[in-house]
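A quick write-up on the structure given underneath.
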Amino acid sequence: MIQETFTRDVRYPLGHGAGSDAIHRDPVYSYAVTLLKDDSGLTGTGFAFTLGEGNDLVCKAADFYAAQLKGRDIEAVMANFGSIFHRLSNEQQFRWLGPHKGVVHLALAAVTNACYDLWAKKRGLPLWKLLIELSPEQIVNTLDLSYLEDELTPEQAIALITANRDLSREAITKTGYPGYDTSIGWFNYPDEQIRENAKKAVAAGFTAMKLKVGSSDPERDIRRANLVREVTGEDVKIMLDANQQWTLPQALDICGRLQQMQPYWIEEPTHPDDVIAHQQLAKAIAPTKLALGEHVPNRIIFKNYLQAACAHFIQVDAVRVGGVSEFITVSLLSRKYGVPVVPHVGDMGQLHQHLVLFNHISLGHEALFLEHIPHLQEHFVHPVQIKEGVYLTPQEPGSSCDLKHIV
C-alpha cells in the first residue's frame, strides 16, 4: 500500500555549452521527481524533465496527483491504470491549464512513471521484463485511448499487440540496443570541439550522431554539417536538429540546402504545433525525412502527425508526455502506421532503455537506435551502460530512475 508521497525539485547546471540548442541557449537540466513509498519499504521514483525555472510548478502539480494514490496498493492501481490516468488527466481544476499539456501533464508524467517504477520493483523485475511479460489485455488496461477511437480502439490495440509480440526478439537483451550520440554537436560548441567530439564518437563505436542547427546564419549550419560528414565519412548516420527555430519559409530554404550532405533526418524544423507546415515541408524536401516529438505533449497531436503522414520518426518522450502509459499508446499508434519510434531522452536514456526493448519485443518496432546524452549519468544510482555504441540491458528491478541523494 502506498503510504507516503513526496516530490523533489532537482536541478543540474551543465555549463561549457552542453545541452545548448538554437532555442535553449543556457539550459539547466532539471527533474520534477515524484517518490511513492509503500508499506513494504519500496520507493517508486518517477520524473518529468524541464530546463530549470518552472520545475517547482511541476512539482506542486505532481503533489496533487500523487496524493490521490495514498492508501492504494500498486497492483490494484496498475490493474486498471488507464482509467486512473484518464481521471487524473481530466481533473476538472487542472484541465483548464492543459488539457493534456504543459505543467499539469508533465506533473502527471512524474507520477505515472513513479507508479511503473514501483510496480516493477514490487515484482522484482526490470521494467522492460515486466512489460513484455504482461498480456496484451493487461497492457491495454494501463492505457487511456480516449480521443483515439477513430484510429485505435482497445480491441484494435489488443489485436495489434497480439499480432506483433514475439518473445524470440528478447535475444536483443543479450546483444544490447544500439545508441546514437547527441552530445557531439551542441549549438554553443565551437567547430573544433565538434570535430573532436565526432572523432571520439566514431572511436567509441557510435554509427549515428546528431548536430544542432538553427543558426541565424544558415552558412554556419551548412559548414558544421559538412564538417561532421567529413570527419565521419559516408557510412555514419548524421541527424540535424533545429529545435523549432525556423519558420516554414526558412525551413523550406535551409532544409533544401542541407540535403546535399544527406542527413538521416531533420528534426523539429519548425513550430511543434504546426502539423500542416510539417506536411508541406515533408513534401517539399522528400526523400529527406523529418523527425519530431520532443515538444509534442500528448497522444492526440501525435495522432494528427501520423494522419498527416509527415513525421517519419516519432520521438515521443515518456518524461514529456503523460509518462510510460502515454508513451506506449503513442508507440501503438506509430506501429499501426509503420513509423519508427526513436525516443527523445529527457531522462538521459534511463527509462527509455526499457521502453525501446518493449517496443521491439512486444510491438515489433525496428530496433533502430536510442539517443544517448551522458551529462547526468553521475547522478543516477544505476546509470545507463554504453559499450561500443550499444546500450547494455539493465537487470536491476525498476525503471533505472533512482537518483542519488534523493529521498
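Ordering of the C-alpha cells sets the chain letters (A, B, ...), residue numbers begin anew at 1 in every chain, and ligands are numbered from 1 in the order given.
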Can you pull out the residues contacting A:Glu267? Cut-off 8 Å, using only C-alpha atoms, and skip same-chain residues under 5 positions away; I want them as an MDAnalysis selection string. chainID A and resid 239:243 290:292
I need the residues in stretch 39-78 of chain A that are strand (DSSP E) according to DSSP; give them as a short mmCIF file (atom, residue, chain, number, x, y, z; two decimals) with N, CA and C atoms, in the first residue's frame.
```
data_model
loop_
_atom_site.label_atom_id
_atom_site.label_comp_id
_atom_site.auth_asym_id
_atom_site.auth_seq_id
_atom_site.Cartn_x
_atom_site.Cartn_y
_atom_site.Cartn_z
N THR A 43 10.34 2.18 -2.77
CA THR A 43 10.03 3.53 -3.23
C THR A 43 10.03 3.56 -4.75
N GLY A 44 8.93 4.00 -5.31
CA GLY A 44 8.87 4.21 -6.75
C GLY A 44 9.32 5.62 -7.09
N THR A 45 10.22 5.73 -8.07
CA THR A 45 10.74 7.03 -8.49
C THR A 45 10.31 7.32 -9.92
N GLY A 46 9.74 8.49 -10.11
CA GLY A 46 9.38 8.92 -11.46
C GLY A 46 9.68 10.40 -11.60
N PHE A 47 9.94 10.83 -12.83
CA PHE A 47 10.18 12.25 -13.00
C PHE A 47 9.75 12.73 -14.37
N ALA A 48 9.61 14.06 -14.45
CA ALA A 48 9.43 14.77 -15.71
C ALA A 48 10.65 15.67 -15.88
N PHE A 49 10.97 15.98 -17.12
CA PHE A 49 12.16 16.75 -17.45
C PHE A 49 11.78 18.19 -17.78
N THR A 50 12.53 19.15 -17.22
CA THR A 50 12.37 20.55 -17.60
C THR A 50 13.77 21.16 -17.77
#
```
So which residues touch A:Glu75 within 7 Å, counting only C-alpha atoms, skipping near sequence neighbours fewer than 3 positions away, as a VMD selection string? chain A and resid 78 to 79 119
Neighbour list for A:Val381 as a list in words, cut-off 9 Å, only C-alpha atoms, skip fewer than 3 positions in-chain: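 Result of the neighbour search: Gln377, Glu378, Ser400, Cys401, Asp402, Leu403 and Lys404 of chain A.
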Could you please determine the separation between atom CA of A:Arg320 and atom CA of A:Gly102 in Å, to one decimal place?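 Value for the atom CA of A:Arg320-atom CA of A:Gly102 distance: 9.0 Å.
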Need the shell around A:Ser362: protein/DNA/RNA residues with any atom at most 8 Å away, counting only C-alpha atoms. Skip same-chain ones fewer than 2 positions apart. Format as a PyMOL selection string? chain A and resi 132+161+164-167+358-360+364
Residues near stretch 13-22 of chain A, cut-off 10 Å, only C-alpha atoms, skip fewer than 4 positions along chain, as a PyMOL selection string: chain A and resi 26-30+51-52+182-190+211-216+241-246+373+375-376
Long-range neighbours of A:Asp9 as a list in words, 7 Å cut-off, only C-alpha atoms, 3 positions minimum in chain: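 The residues that qualify are Tyr31, Ala32, Val33, Asn55, Asp56 and Cys59 of chain A.
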Include C-alpha atoms and write out the residues we just selected as a PDB file, in the first residue's frame.
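That gives us selection39.pdb:
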```
ATOM      1  CA  TYR A  31      13.759  16.881 -12.897  1.00  0.00           C
ATOM      2  CA  ALA A  32      10.452  17.192 -11.090  1.00  0.00           C
ATOM      3  CA  VAL A  33      10.768  13.980  -9.091  1.00  0.00           C
ATOM      4  CA  ASN A  55      10.322  22.976 -12.279  1.00  0.00           C
ATOM      5  CA  ASP A  56       8.806  23.877  -8.896  1.00  0.00           C
ATOM      6  CA  CYS A  59       6.384  19.536  -8.512  1.00  0.00           C
TER       7      CYS A  59
END
```
My list of candidates is A:Gln193, A:Gln250, A:Thr173, A:Thr232. Which is closest to A:Asp217 when distances are computed with only C-alpha atoms?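 Among the listed residues, A:Gln250 lies closest to A:Asp217.
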A straight line from atom CA of A:Ser146 to atom CA of A:Ile300 spans 9.0 Å
Please run DSSP on the backbone and report, as number ranges by chain, all residues within stretch 114-276 of chain A that come out as helix (DSSP H, G or I). A: 114-123, 127-133, 136-141, 154-164, 167-175, 191-203, 218-232, 248-261, 275-276
Atom CA of A:Ala110 to atom CA of A:Gly54: how many Å, to one decimal? 14.4 Å
A:Lys129, A:Val103, A:Thr270, A:Phe6 ranked by distance to A:Ile23, top pick (using only C-alpha atoms):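 Looking only at the distances to A:Ile23, the closest residue turns out to be A:Thr270.
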Have a look at A:Ile139, A:Leu351, A:Ile301, A:Val384 and name the one nearest to A:Asp317; count only C-alpha atoms.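 Of A:Ile139, A:Leu351, A:Ile301, A:Val384, the one nearest A:Asp317, counting only C-alpha atoms, is A:Leu351.
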Which one of A:Ala311, A:Val202, A:Leu258, A:Ala171 sits closest to A:Asp274 if you count only C-alpha atoms?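 Looking only at the distances to A:Asp274, the closest residue turns out to be A:Ala311.
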